>>> print(open('my_file01.txt').read())   # compact mmCIF, C-alpha atoms and all ligand atoms
# COMPACT_ATOMS: atom_id res chain seq x y z
CA MET A 23 111.26 17.89 2.44
CA ASN A 24 112.24 18.90 5.94
CA ILE A 25 109.61 19.37 8.61
CA GLN A 26 112.10 21.10 10.91
CA ASN A 27 111.90 24.15 8.64
CA LYS A 28 108.78 26.26 8.51
CA PRO A 29 105.83 23.95 8.10
CA LYS A 30 104.70 23.48 4.54
CA ARG A 31 101.15 24.16 3.63
CA ARG A 32 99.06 21.18 2.69
CA GLY A 33 98.63 22.52 -0.83
CA ASP A 34 102.37 22.63 -1.43
CA ILE A 35 102.87 19.12 -0.23
CA LEU A 36 99.99 17.84 -2.31
CA TYR A 37 101.44 19.53 -5.34
CA GLU A 38 104.82 17.92 -4.75
CA LEU A 39 103.24 14.54 -4.26
CA VAL A 40 101.08 14.70 -7.34
CA SER A 41 104.02 15.68 -9.48
CA SER A 42 106.05 12.86 -8.00
CA ILE A 43 103.22 10.52 -8.87
CA LYS A 44 103.35 11.77 -12.42
CA ARG A 45 107.10 11.19 -12.47
CA ILE A 46 106.56 7.57 -11.45
CA LYS A 47 105.36 6.94 -14.96
CA ASP A 48 108.91 7.50 -16.17
CA ILE A 49 110.47 5.00 -13.83
CA PRO A 50 112.13 2.52 -16.19
CA THR A 51 110.49 -0.60 -14.82
CA LEU A 52 107.05 0.86 -15.42
CA PRO A 53 106.56 0.20 -19.08
CA LYS A 54 105.90 3.23 -21.27
CA ILE A 55 103.20 1.19 -22.84
CA LEU A 56 101.21 1.52 -19.65
CA SER A 57 100.47 5.18 -20.21
CA LYS A 58 99.44 4.36 -23.75
CA ILE A 59 97.04 1.77 -22.42
CA SER A 60 95.75 4.19 -19.81
CA GLU A 61 95.07 6.74 -22.50
CA GLU A 62 93.36 4.18 -24.63
CA MET A 63 91.17 3.08 -21.74
CA GLY A 64 90.30 6.67 -20.97
CA ASN A 65 88.45 6.80 -24.28
CA ASP A 66 84.86 5.75 -23.82
CA ASP A 67 84.91 3.56 -26.88
CA TYR A 68 88.14 1.68 -26.24
CA SER A 69 88.19 -1.82 -27.59
CA ILE A 70 89.36 -4.86 -25.71
CA LYS A 71 91.06 -6.02 -28.87
CA ASP A 72 93.25 -2.93 -29.15
CA ILE A 73 94.25 -3.02 -25.52
CA GLY A 74 94.98 -6.72 -25.72
CA GLU A 75 97.22 -6.02 -28.70
CA LEU A 76 99.00 -3.19 -26.89
CA MET A 77 99.57 -5.41 -23.88
CA SER A 78 100.89 -8.29 -25.97
CA LEU A 79 103.54 -6.01 -27.48
CA ASP A 80 105.65 -6.04 -24.37
CA ILE A 81 106.96 -9.48 -23.51
CA SER A 82 107.89 -8.79 -19.87
CA PHE A 83 104.51 -7.16 -19.54
CA SER A 84 102.58 -10.15 -20.77
CA SER A 85 104.70 -12.71 -18.97
CA ARG A 86 104.11 -10.87 -15.73
CA ILE A 87 100.36 -10.90 -16.23
CA LEU A 88 100.26 -14.55 -17.21
CA ARG A 89 102.44 -15.56 -14.29
CA MET A 90 100.09 -13.80 -11.91
CA VAL A 91 96.78 -14.98 -13.34
CA ASN A 92 98.06 -18.54 -13.50
CA SER A 93 99.41 -18.46 -9.94
CA PRO A 94 97.63 -20.17 -7.06
CA PHE A 95 96.82 -16.68 -5.74
CA TYR A 96 94.69 -15.87 -8.69
CA GLY A 97 93.23 -19.34 -8.65
CA PHE A 98 91.67 -19.18 -12.07
CA PRO A 99 90.13 -22.59 -12.79
CA GLN A 100 91.71 -23.07 -16.20
CA ARG A 101 95.16 -22.20 -17.49
CA ILE A 102 95.32 -18.87 -19.31
CA TYR A 103 97.79 -18.93 -22.19
CA SER A 104 97.47 -15.58 -23.87
CA ILE A 105 96.95 -11.95 -22.99
CA LYS A 106 93.96 -11.82 -25.29
CA HIS A 107 92.43 -14.72 -23.45
CA ALA A 108 93.20 -13.09 -20.10
CA ILE A 109 91.72 -9.76 -21.09
CA VAL A 110 88.45 -11.34 -22.18
CA LEU A 111 88.20 -13.40 -19.00
CA LEU A 112 89.37 -10.82 -16.47
CA GLY A 113 88.97 -7.40 -18.04
CA ALA A 114 91.49 -4.73 -18.90
CA ASN A 115 91.32 -3.02 -15.51
CA VAL A 116 92.35 -6.12 -13.64
CA LEU A 117 95.27 -6.73 -16.00
CA LYS A 118 96.34 -3.13 -15.76
CA SER A 119 96.40 -3.18 -11.97
CA ILE A 120 98.47 -6.37 -12.07
CA VAL A 121 101.01 -4.72 -14.34
CA ILE A 122 101.17 -1.55 -12.28
CA SER A 123 101.58 -3.46 -9.04
CA THR A 124 104.17 -5.92 -10.24
CA SER A 125 106.15 -3.09 -11.82
CA VAL A 126 105.99 -0.75 -8.86
CA PHE A 127 106.70 -3.46 -6.34
CA THR A 128 109.82 -4.51 -8.18
CA ILE A 129 111.22 -1.09 -7.29
CA MET A 130 109.79 -1.44 -3.84
CA LYS A 131 111.31 -4.73 -2.81
CA GLU A 132 114.47 -3.17 -1.37
CA ALA A 133 112.80 -0.05 -0.01
CA MET A 134 110.26 -1.90 2.12
CA GLU A 135 110.76 -5.57 2.61
CA GLY A 136 107.53 -7.51 2.91
CA LEU A 137 105.16 -5.01 1.34
CA TRP A 138 104.86 -7.04 -1.84
CA GLU A 139 103.93 -10.19 0.12
CA HIS A 140 101.49 -8.16 2.20
CA SER A 141 99.84 -6.74 -0.91
CA LEU A 142 99.67 -10.01 -2.81
CA PHE A 143 98.19 -11.84 0.15
CA CYS A 144 95.74 -9.06 0.79
CA ALA A 145 94.63 -9.27 -2.86
CA PHE A 146 94.22 -13.01 -2.61
CA THR A 147 92.26 -12.77 0.64
CA ALA A 148 90.02 -10.01 -0.71
CA LYS A 149 89.23 -12.07 -3.78
CA TYR A 150 88.44 -15.09 -1.64
CA ILE A 151 86.10 -13.11 0.62
CA ALA A 152 84.31 -11.54 -2.35
CA ALA A 153 83.83 -14.94 -3.98
CA MET A 154 82.63 -16.43 -0.71
CA LEU A 155 80.01 -13.69 -0.30
CA LEU A 156 79.02 -13.93 -3.93
CA ASN A 157 78.41 -17.68 -3.78
CA GLY A 158 76.58 -17.35 -0.51
CA SER A 159 78.80 -20.10 0.87
CA ASP A 160 82.41 -20.90 1.67
CA LYS A 161 84.39 -23.65 -0.03
CA LYS A 162 83.11 -26.28 2.38
CA GLY A 163 79.55 -25.37 1.45
CA ASN A 164 78.62 -23.62 4.71
CA LYS A 165 75.88 -21.14 4.00
CA MET A 166 76.72 -17.46 4.30
CA SER A 167 74.37 -14.54 4.46
CA LYS A 168 73.98 -12.87 1.09
CA GLU A 169 72.59 -9.72 2.63
CA ASN A 170 75.93 -8.00 2.92
CA GLY A 171 76.14 -6.96 -0.70
CA ILE A 172 78.11 -8.23 -3.61
CA ALA A 173 81.60 -7.28 -4.70
CA ASP A 174 83.37 -8.27 -7.91
CA ALA A 175 86.08 -10.77 -6.96
CA ASP A 176 88.51 -9.74 -9.72
CA MET A 177 88.18 -6.05 -8.87
CA MET A 178 88.79 -6.90 -5.24
CA PHE A 179 92.01 -8.65 -6.22
CA SER A 180 93.13 -5.46 -7.98
CA ALA A 181 92.17 -3.23 -5.09
CA GLY A 182 94.06 -5.50 -2.69
CA LEU A 183 97.14 -5.55 -4.85
CA MET A 184 97.21 -1.76 -5.03
CA HIS A 185 95.81 -0.70 -1.65
CA ASP A 186 99.16 0.27 -0.09
CA ILE A 187 100.79 1.55 -3.26
CA GLY A 188 100.83 5.03 -1.69
CA LYS A 189 103.61 3.75 0.59
CA VAL A 190 105.71 3.11 -2.47
CA ILE A 191 105.33 6.73 -3.52
CA THR A 192 106.40 7.98 -0.13
CA ALA A 193 109.36 5.61 -0.07
CA ILE A 194 110.53 6.78 -3.47
CA ALA A 195 109.74 10.49 -3.33
CA PHE A 196 110.42 11.14 0.36
CA ARG A 197 112.93 8.52 1.37
CA ASP A 198 113.97 10.13 4.68
CA ASP A 199 110.44 10.89 5.78
CA PHE A 200 109.45 7.36 4.97
CA LYS A 201 112.20 5.95 7.19
CA LYS A 202 111.17 8.30 9.95
CA ILE A 203 107.54 7.21 9.66
CA MET A 204 108.52 3.54 9.87
CA ILE A 205 110.64 4.10 12.98
CA ILE A 206 107.99 6.15 14.78
CA ALA A 207 105.26 3.63 13.91
CA GLU A 208 107.32 0.87 15.49
CA GLU A 209 108.15 2.86 18.64
CA ASP A 210 104.84 4.59 19.27
CA LYS A 211 102.51 1.72 18.39
CA ARG A 212 100.28 4.25 16.65
CA PRO A 213 98.43 3.72 13.37
CA LEU A 214 100.69 4.39 10.41
CA THR A 215 98.21 6.79 8.82
CA ASP A 216 98.34 9.09 11.89
CA ILE A 217 102.10 9.32 11.70
CA GLU A 218 101.98 9.86 7.94
CA HIS A 219 99.64 12.78 8.56
CA ASP A 220 101.96 14.23 11.20
CA ILE A 221 104.95 14.11 8.92
CA LEU A 222 103.61 14.36 5.37
CA ASN A 223 100.18 15.87 5.90
CA ILE A 224 98.77 13.09 3.79
CA SER A 225 98.56 9.33 4.20
CA HIS A 226 99.18 6.36 1.89
CA ASP A 227 95.47 5.58 1.44
CA GLN A 228 94.86 9.06 -0.01
CA LEU A 229 97.99 8.83 -2.13
CA GLY A 230 97.00 5.42 -3.43
CA TYR A 231 93.62 6.78 -4.36
CA MET A 232 95.18 9.64 -6.33
CA LEU A 233 97.51 7.24 -8.05
CA ALA A 234 94.80 4.74 -9.02
CA LYS A 235 92.71 7.58 -10.35
CA GLU A 236 95.63 9.00 -12.27
CA TRP A 237 95.95 5.62 -13.97
CA ASN A 238 92.28 5.65 -14.95
CA LEU A 239 91.30 2.67 -12.84
CA PRO A 240 87.59 2.45 -11.99
CA SER A 241 86.03 3.90 -8.84
CA SER A 242 85.29 0.38 -7.57
CA ILE A 243 89.07 0.14 -7.14
CA TYR A 244 90.10 3.66 -6.16
CA LEU A 245 87.34 4.39 -3.65
CA PRO A 246 87.94 1.29 -1.50
CA ILE A 247 91.66 2.17 -1.59
CA LYS A 248 90.85 5.68 -0.41
CA TYR A 249 88.85 4.46 2.57
CA HIS A 250 90.61 1.25 3.48
CA HIS A 251 91.58 2.68 6.88
CA ASN A 252 88.39 4.73 7.30
CA VAL A 253 85.57 2.40 6.40
CA ASN A 254 83.06 4.67 8.15
CA LEU A 255 83.73 7.44 5.61
CA ALA A 256 82.89 5.35 2.55
CA SER A 257 79.55 6.30 1.05
CA GLU A 258 79.90 4.17 -2.08
CA PHE A 259 81.34 0.67 -2.45
CA LYS A 260 80.90 0.03 1.26
CA THR A 261 81.07 -3.74 0.89
CA GLU A 262 84.24 -3.48 -1.20
CA THR A 263 85.81 -1.10 1.30
CA ALA A 264 84.95 -3.39 4.20
CA ILE A 265 86.36 -6.43 2.37
CA LEU A 266 89.58 -4.55 1.67
CA ASN A 267 89.86 -3.40 5.27
CA LEU A 268 89.27 -6.93 6.55
CA SER A 269 91.79 -8.46 4.13
CA ASP A 270 94.44 -5.96 5.17
CA PHE A 271 93.68 -6.60 8.83
CA LEU A 272 93.75 -10.40 8.48
CA THR A 273 96.94 -10.41 6.41
CA ARG A 274 98.66 -8.44 9.16
CA ALA A 275 97.08 -10.57 11.90
CA MET A 276 98.35 -13.73 10.17
CA GLY A 277 101.80 -12.15 10.02
CA ILE A 278 102.18 -12.48 6.27
CA GLY A 279 104.53 -9.93 4.74
CA TYR A 280 105.13 -6.56 6.33
CA SER A 281 103.33 -3.25 5.85
CA GLY A 282 104.79 -1.06 8.54
CA ASN A 283 102.93 -2.19 11.66
CA THR A 284 104.09 -4.98 13.92
CA TYR A 285 101.13 -4.68 16.27
CA ILE A 286 97.60 -5.08 15.09
CA GLU A 287 94.68 -3.01 16.28
CA LYS A 288 91.18 -4.12 17.15
CA ILE A 289 89.13 -5.24 14.16
CA ASN A 290 87.22 -2.35 12.54
CA THR A 291 83.67 -2.08 13.91
CA ASP A 292 82.21 -0.76 10.67
CA THR A 293 83.73 -3.65 8.77
CA VAL A 294 82.24 -6.08 11.29
CA ASN A 295 78.80 -4.53 10.82
CA ILE A 296 78.87 -4.16 7.05
CA LEU A 297 79.96 -7.75 6.44
CA ASN A 298 78.07 -9.17 9.39
CA ILE A 299 81.23 -10.82 10.71
CA ASP A 300 81.39 -13.41 13.47
CA LEU A 301 84.24 -15.72 14.48
CA ASN A 302 82.99 -18.42 12.16
CA PHE A 303 83.25 -16.02 9.23
CA ILE A 304 86.88 -15.28 10.17
CA LYS A 305 87.62 -18.98 10.64
CA ASN A 306 86.31 -19.83 7.16
CA ILE A 307 88.64 -17.28 5.62
CA VAL A 308 91.77 -17.94 7.66
CA GLU A 309 91.58 -21.73 7.27
CA GLU A 310 91.28 -21.39 3.53
CA VAL A 311 93.87 -18.69 2.82
CA TYR A 312 96.62 -19.29 5.40
CA PRO A 313 98.09 -22.42 3.78
CA PHE A 314 98.79 -20.38 0.63
CA LYS A 315 101.52 -18.64 2.60
CA ASN A 316 103.73 -21.51 1.47
CA GLU A 317 103.28 -20.45 -2.16
CA LEU A 318 104.58 -16.90 -1.78
CA SER A 319 108.10 -17.91 -2.78
CA ILE A 320 107.01 -18.52 -6.37
CA PHE A 321 107.27 -14.79 -7.00
CA ASP A 322 110.84 -14.45 -5.75
CA MET B 1 111.52 -26.26 -0.66
CA LYS B 2 113.89 -28.85 -2.05
CA LYS B 3 113.56 -31.88 -4.25
CA ILE B 4 114.89 -35.14 -2.85
CA LEU B 5 115.02 -38.78 -3.90
CA ILE B 6 112.36 -40.89 -2.23
CA GLU B 7 114.93 -43.27 -0.79
CA ASN B 8 116.51 -40.31 0.99
CA VAL B 9 113.43 -39.05 2.86
CA LYS B 10 113.66 -39.37 6.61
CA LYS B 11 111.43 -39.07 9.65
CA GLY B 12 110.59 -35.47 10.48
CA ASP B 13 110.80 -34.20 6.92
CA VAL B 14 107.86 -32.01 5.96
CA LEU B 15 106.07 -32.32 2.62
CA ALA B 16 106.26 -29.10 0.63
CA LYS B 17 103.77 -30.16 -2.07
CA ASP B 18 100.65 -32.29 -2.09
CA ILE B 19 101.10 -35.81 -3.35
CA ILE B 20 98.33 -36.83 -5.70
CA SER B 21 97.55 -40.49 -6.23
CA GLY B 22 96.85 -42.15 -9.57
CA ASN B 23 93.12 -41.51 -9.36
CA ASN B 24 93.78 -37.80 -8.91
CA LEU B 25 92.91 -37.63 -5.23
CA THR B 26 95.19 -35.95 -2.76
CA ALA B 27 97.03 -38.78 -1.07
CA LEU B 28 99.10 -36.62 1.23
CA LYS B 29 98.76 -32.94 2.01
CA LYS B 30 101.73 -30.62 2.02
CA GLY B 31 102.73 -29.63 5.52
CA VAL B 32 102.52 -33.23 6.72
CA THR B 33 105.45 -34.30 8.86
CA LEU B 34 106.68 -37.65 7.66
CA ASP B 35 106.84 -40.59 10.03
CA GLU B 36 107.73 -44.22 9.29
CA ASN B 37 104.23 -45.17 8.22
CA ILE B 38 103.84 -42.24 5.90
CA ILE B 39 107.24 -42.90 4.37
CA LYS B 40 106.23 -46.52 3.75
CA ARG B 41 103.03 -45.29 2.18
CA ILE B 42 104.85 -42.90 -0.12
CA LYS B 43 107.19 -45.65 -1.22
CA ARG B 44 104.30 -48.01 -1.86
CA LEU B 45 102.03 -45.64 -3.76
CA THR B 46 102.16 -45.46 -7.49
CA LEU B 47 101.90 -41.80 -8.04
CA ILE B 48 101.67 -39.21 -10.70
CA ASN B 49 101.69 -35.48 -10.23
CA SER B 50 103.32 -32.21 -9.37
CA GLY B 51 104.41 -33.24 -5.90
CA PHE B 52 105.90 -36.41 -7.22
CA GLU B 53 108.14 -36.33 -10.23
CA GLY B 54 109.79 -39.62 -11.05
CA ASN B 55 111.45 -40.81 -7.89
CA TYR B 56 111.50 -37.41 -6.22
CA ILE B 57 109.29 -35.61 -3.75
CA PHE B 58 109.39 -32.05 -2.47
CA ILE B 59 110.14 -31.36 1.17
CA GLU B 60 110.54 -28.18 3.16
CA GLU B 61 114.05 -26.76 3.40
CA ASN B 62 114.52 -26.98 7.15
CA SER B 63 112.07 -29.47 8.54
CA ALA B 64 114.55 -30.43 11.24
CA GLY B 65 114.19 -26.97 12.73
CA ASN B 66 110.41 -27.23 12.65
CA GLU B 67 109.90 -27.17 16.39
CA LYS B 68 111.89 -23.96 16.61
CA ASN B 69 109.95 -22.43 13.73
CA ILE B 70 106.61 -23.20 15.33
CA GLU B 71 107.78 -21.66 18.57
CA LYS B 72 109.00 -18.58 16.75
CA GLU B 73 105.79 -18.14 14.78
CA LEU B 74 103.64 -18.50 17.88
CA SER B 75 105.67 -15.94 19.79
CA LEU B 76 105.41 -13.51 16.87
CA LEU B 77 101.65 -14.08 16.88
CA ALA B 78 101.51 -13.28 20.59
CA LYS B 79 103.50 -10.12 19.97
CA ARG B 80 101.18 -8.96 17.19
CA PHE B 81 98.17 -9.38 19.45
CA GLU B 82 99.89 -7.97 22.54
CA ASP B 83 97.89 -4.74 22.74
CA ILE B 84 94.43 -6.17 22.27
CA ASP B 85 94.59 -9.34 24.30
CA GLY B 86 91.90 -8.06 26.63
CA ASP B 87 89.29 -8.24 23.88
CA GLY B 88 87.33 -11.49 23.62
CA PHE B 89 86.65 -11.30 19.89
CA MET B 90 90.30 -10.55 19.16
CA ARG B 91 91.38 -13.48 21.33
CA GLY B 92 89.07 -15.63 19.22
CA ILE B 93 90.76 -14.42 16.04
CA LYS B 94 94.14 -15.12 17.57
CA GLU B 95 93.14 -18.70 18.37
CA ILE B 96 91.90 -19.23 14.81
CA ILE B 97 95.25 -18.05 13.45
CA LYS B 98 97.12 -20.18 15.97
CA SER B 99 95.31 -23.30 14.73
CA ALA B 100 96.08 -22.36 11.13
CA ILE B 101 99.79 -22.02 11.96
CA LEU B 102 99.88 -25.37 13.73
CA LYS B 103 97.95 -27.06 10.96
CA ASN B 104 100.42 -25.70 8.44
CA TYR B 105 103.09 -27.67 10.28
CA GLY B 106 100.95 -30.78 10.21
CA ARG B 107 99.84 -30.44 13.85
CA ASN B 108 96.28 -30.27 15.00
FE FE A 401 97.02 0.65 4.22
FE FE A 402 97.86 -2.80 3.97
>>> encode(input="my_file01.txt", output="structure tokens")
Amino acid sequence: MNIQNKPKRRGDILYELVSSIKRIKDIPTLPKILSKISEEMGNDDYSIKDIGELMSLDISFSSRILRMVNSPFYGFPQRIYSIKHAIVLLGANVLKSIVISTSVFTIMKEAMEGLWEHSLFCAFTAKYIAAMLLNGSDKKGNKMSKENGIADADMMFSAGLMHDIGKVITAIAFRDDFKKIMIIAEEDKRPLTDIEHDILNISHDQLGYMLAKEWNLPSSIYLPIKYHHNVNLASEFKTETAILNLSDFLTRAMGIGYSGNTYIEKINTDTVNILNIDLNFIKNIVEEVYPFKNELSIFD
Amino acid sequence: MKKILIENVKKGDVLAKDIISGNNLTALKKGVTLDENIIKRIKRLTLINSGFEGNYIFIEENSAGNEKNIEKELSLLAKRFEDIDGDGFMRGIKEIIKSAILKNYGRN
């Protein structure tokens, strides 16, 4: 795609992007089995047992899931030995998002260094925040307000893992545009989504939403992805969207991984209001999650 | 991180894994910079666990360059917050992250 030529209409670009998303399914590292599982889960009466069996069929598939759920980032209290066990404890959607992310990010590692670390840490942080709000206290036992709604910690992990997956699509389908976007973002100190709109007419949050929907993930995952840079536009899953926005912000502020912006912006006001954030709230999170930075190398 | 024999640890090395004592309590936290006393303590303790396998412990790859790393991380932090340093709340967040970075190197 070349923007120097006559400008493309939004519809054309969307069409191109959606078909490139569909093509992603055929990328070798994304197991074929995934589309089978997606189909299966699209049926209203899918059974956990069948999906567990499908997932167990592929060894790399199941080892990837087990490695993730047994990692310090997932922080599951007991060791999970089998896919069937994992699926009962965590649900098929969570496992599916882990497989999609680990597969896609394998391709991504050369294209955008640091995005995997950014995504994994964002997932971890989002899960921690959700759990903290759910328990009404942080790990040290400090009371937290429960008024700010409740988000499912495992779903938040999935949303965090996948929130920037739209960048992967751009990097694969529009390599030159992606490079251009990265360079401009660095020089102009403008939000990445603005530049993506200038060049592609669509941004990674919207792409990620389309992708997550295409893979039949639930709305509690794809809606927060859609609004993770526009919390004010979310009408459903506001708490989830705010948690995702905060996790993304904090991961960048802590300098963990790289997602295309060196400079951080002011914390999102809607996020602050929805989660009732003060500095103590931030301190509780940062103190708990930052030390896990040392563990990132286990996925190399 | 690298695995080294306990008799080869030296001052300034940084623990890369927690050391858990026999009663399953954390005896030493990862990130701690080893000094003479701590080294004595490690040698004295009878330990079992992940951070302590046989006569080995895990230390960070380049603890000698620690001072440089801290400096580098703090200047990157300053750069990230460059544009919003006028905002009180954001300065507060920056300070919180600064403490977390220092703590990760065993400083307080
Ligand atoms: Fe994003
Ligand atoms: Fe992000």
>>> residues_around(input="my_file01.txt", residues="region 104-107 of chain B", least_positions_apart="4", cutoff="8 Å", atoms="only C-alpha atoms", output="MDAnalysis selection string")
(chainID A and resid 313) or (chainID B and resid 14 31:33 66 70 100)
>>> residues_near_point(input="my_file01.txt", point="(100.2, -31.9, -0.4)", cutoff="7 Å", atoms="all atoms listed in the file", output="MDAnalysis selection string")
chainID B and resid 15:19 26 28:31
>>> interface_residues(input="my_file01.txt", of="chain B", to="chain A", cutoff="10 Å", atoms="all atoms listed in the file", output="VMD selection string")
chain B and resid 1 16 to 17 30 to 31 60 73 76 to 85 87 89 to 90 92 to 101 103 to 105
>>> residues_near_ligand(input="my_file01.txt", ligand="ligand FE 402 (chain A)", cutoff="9 Å", atoms="all atoms listed in the file", output="number ranges by chain")
A: 137, 140-141, 144, 182, 185-187, 250-251, 266-267, 269-271, 273-274, 280-282
>>> atom_distance(input="my_file01.txt", atom1="CA of Glu258 (chain A)", atom2="CA of Val91 (chain A)")
27.9 Å
>>> atom_distance(input="my_file01.txt", atom1="CA of Glu71 (chain B)", atom2="CA of Asp35 (chain B)")
20.8 Å
>>> closest_residue(input="my_file01.txt", among="A:Gln100, A:Ser225, A:Asn115, A:Ser84", to="ligand FE 401 (chain A)", atoms="all atoms listed in the file")
A:Ser225
>>> atom_distance(input="my_file01.txt", atom1="CA of Lys201 (chain A)", atom2="CA of Thr147 (chain A)")
28.1 Å
>>> closest_residue(input="my_file01.txt", among="A:His219, A:Lys189, A:Lys235, A:Arg212", to="ligand FE 401 (chain A)", atoms="only C-alpha atoms and all ligand atoms")
A:Lys189
>>> axis_aligned_box(input="my_file01.txt", around="region 285-297 of chain A", padding_each_side="4 Å", output="AutoDock Vina command-line options")
--center_x 90.0 --center_y -4.3 --center_z 11.8 --size_x 30.3 --size_y 15.0 --size_z 18.7
>>> closest_residue(input="my_file01.txt", among="A:Val294, A:Glu209, A:Ser119, A:Leu183", to="ligand FE 401 (chain A)", atoms="all atoms listed in the file")
A:Leu183
>>> closest_residue(input="my_file01.txt", among="A:Gly113, A:Gly230, A:Gly97, A:Gly136", to="ligand FE 401 (chain A)", atoms="all atoms listed in the file")
A:Gly230
>>> residues_around(input="my_file01.txt", residues="Phe179 (chain A)", least_positions_apart="3", cutoff="7 Å", atoms="only C-alpha atoms", output="list in words")
Ala145, Phe146, Ala148, Lys149, Ala175, Asp176, Gly182 and Leu183 of chain A
>>> decode(input="my_file01.txt", residues="region 15-21 of chain B", atoms="all heavy atoms", output="compact mmCIF listing (two decimals), in the first residue's frame")
# COMPACT_ATOMS: atom_id res chain seq x y z
N LEU B 15 22.29 -11.50 43.88
CA LEU B 15 21.50 -12.74 43.85
C LEU B 15 20.44 -12.68 42.75
O LEU B 15 19.70 -11.71 42.65
CB LEU B 15 20.76 -12.93 45.18
CG LEU B 15 21.45 -13.70 46.31
CD1 LEU B 15 20.41 -14.01 47.37
CD2 LEU B 15 22.07 -14.99 45.79
N ALA B 16 20.36 -13.74 41.95
CA ALA B 16 19.38 -13.76 40.87
C ALA B 16 18.15 -14.58 41.25
O ALA B 16 17.14 -14.55 40.56
CB ALA B 16 20.02 -14.32 39.61
N LYS B 17 18.23 -15.34 42.35
CA LYS B 17 17.07 -16.11 42.82
C LYS B 17 17.00 -16.01 44.33
O LYS B 17 18.04 -15.91 44.99
CB LYS B 17 17.24 -17.59 42.46
CG LYS B 17 16.77 -17.97 41.06
CD LYS B 17 16.71 -19.48 40.96
CE LYS B 17 16.24 -19.92 39.58
NZ LYS B 17 16.16 -21.38 39.51
N ASP B 18 15.81 -16.09 44.86
CA ASP B 18 15.66 -16.12 46.32
C ASP B 18 16.39 -17.34 46.87
O ASP B 18 16.46 -18.38 46.22
CB ASP B 18 14.19 -16.26 46.72
CG ASP B 18 13.38 -15.01 46.44
OD1 ASP B 18 13.97 -14.01 46.03
OD2 ASP B 18 12.15 -15.06 46.63
N ILE B 19 16.89 -17.20 48.08
CA ILE B 19 17.42 -18.37 48.78
C ILE B 19 16.46 -18.69 49.91
O ILE B 19 16.13 -17.83 50.73
CB ILE B 19 18.85 -18.10 49.31
CG1 ILE B 19 19.79 -17.94 48.12
CG2 ILE B 19 19.30 -19.26 50.19
CD1 ILE B 19 21.24 -17.79 48.51
N ILE B 20 15.98 -19.92 49.91
CA ILE B 20 14.98 -20.33 50.89
C ILE B 20 15.67 -21.19 51.93
O ILE B 20 16.43 -22.09 51.59
CB ILE B 20 13.85 -21.15 50.22
CG1 ILE B 20 13.37 -20.48 48.93
CG2 ILE B 20 12.72 -21.39 51.19
CD1 ILE B 20 12.51 -19.28 49.09
N SER B 21 15.41 -20.91 53.20
CA SER B 21 16.06 -21.69 54.25
C SER B 21 15.30 -22.99 54.48
O SER B 21 14.23 -23.21 53.91
CB SER B 21 16.10 -20.89 55.54
OG SER B 21 14.79 -20.78 56.04
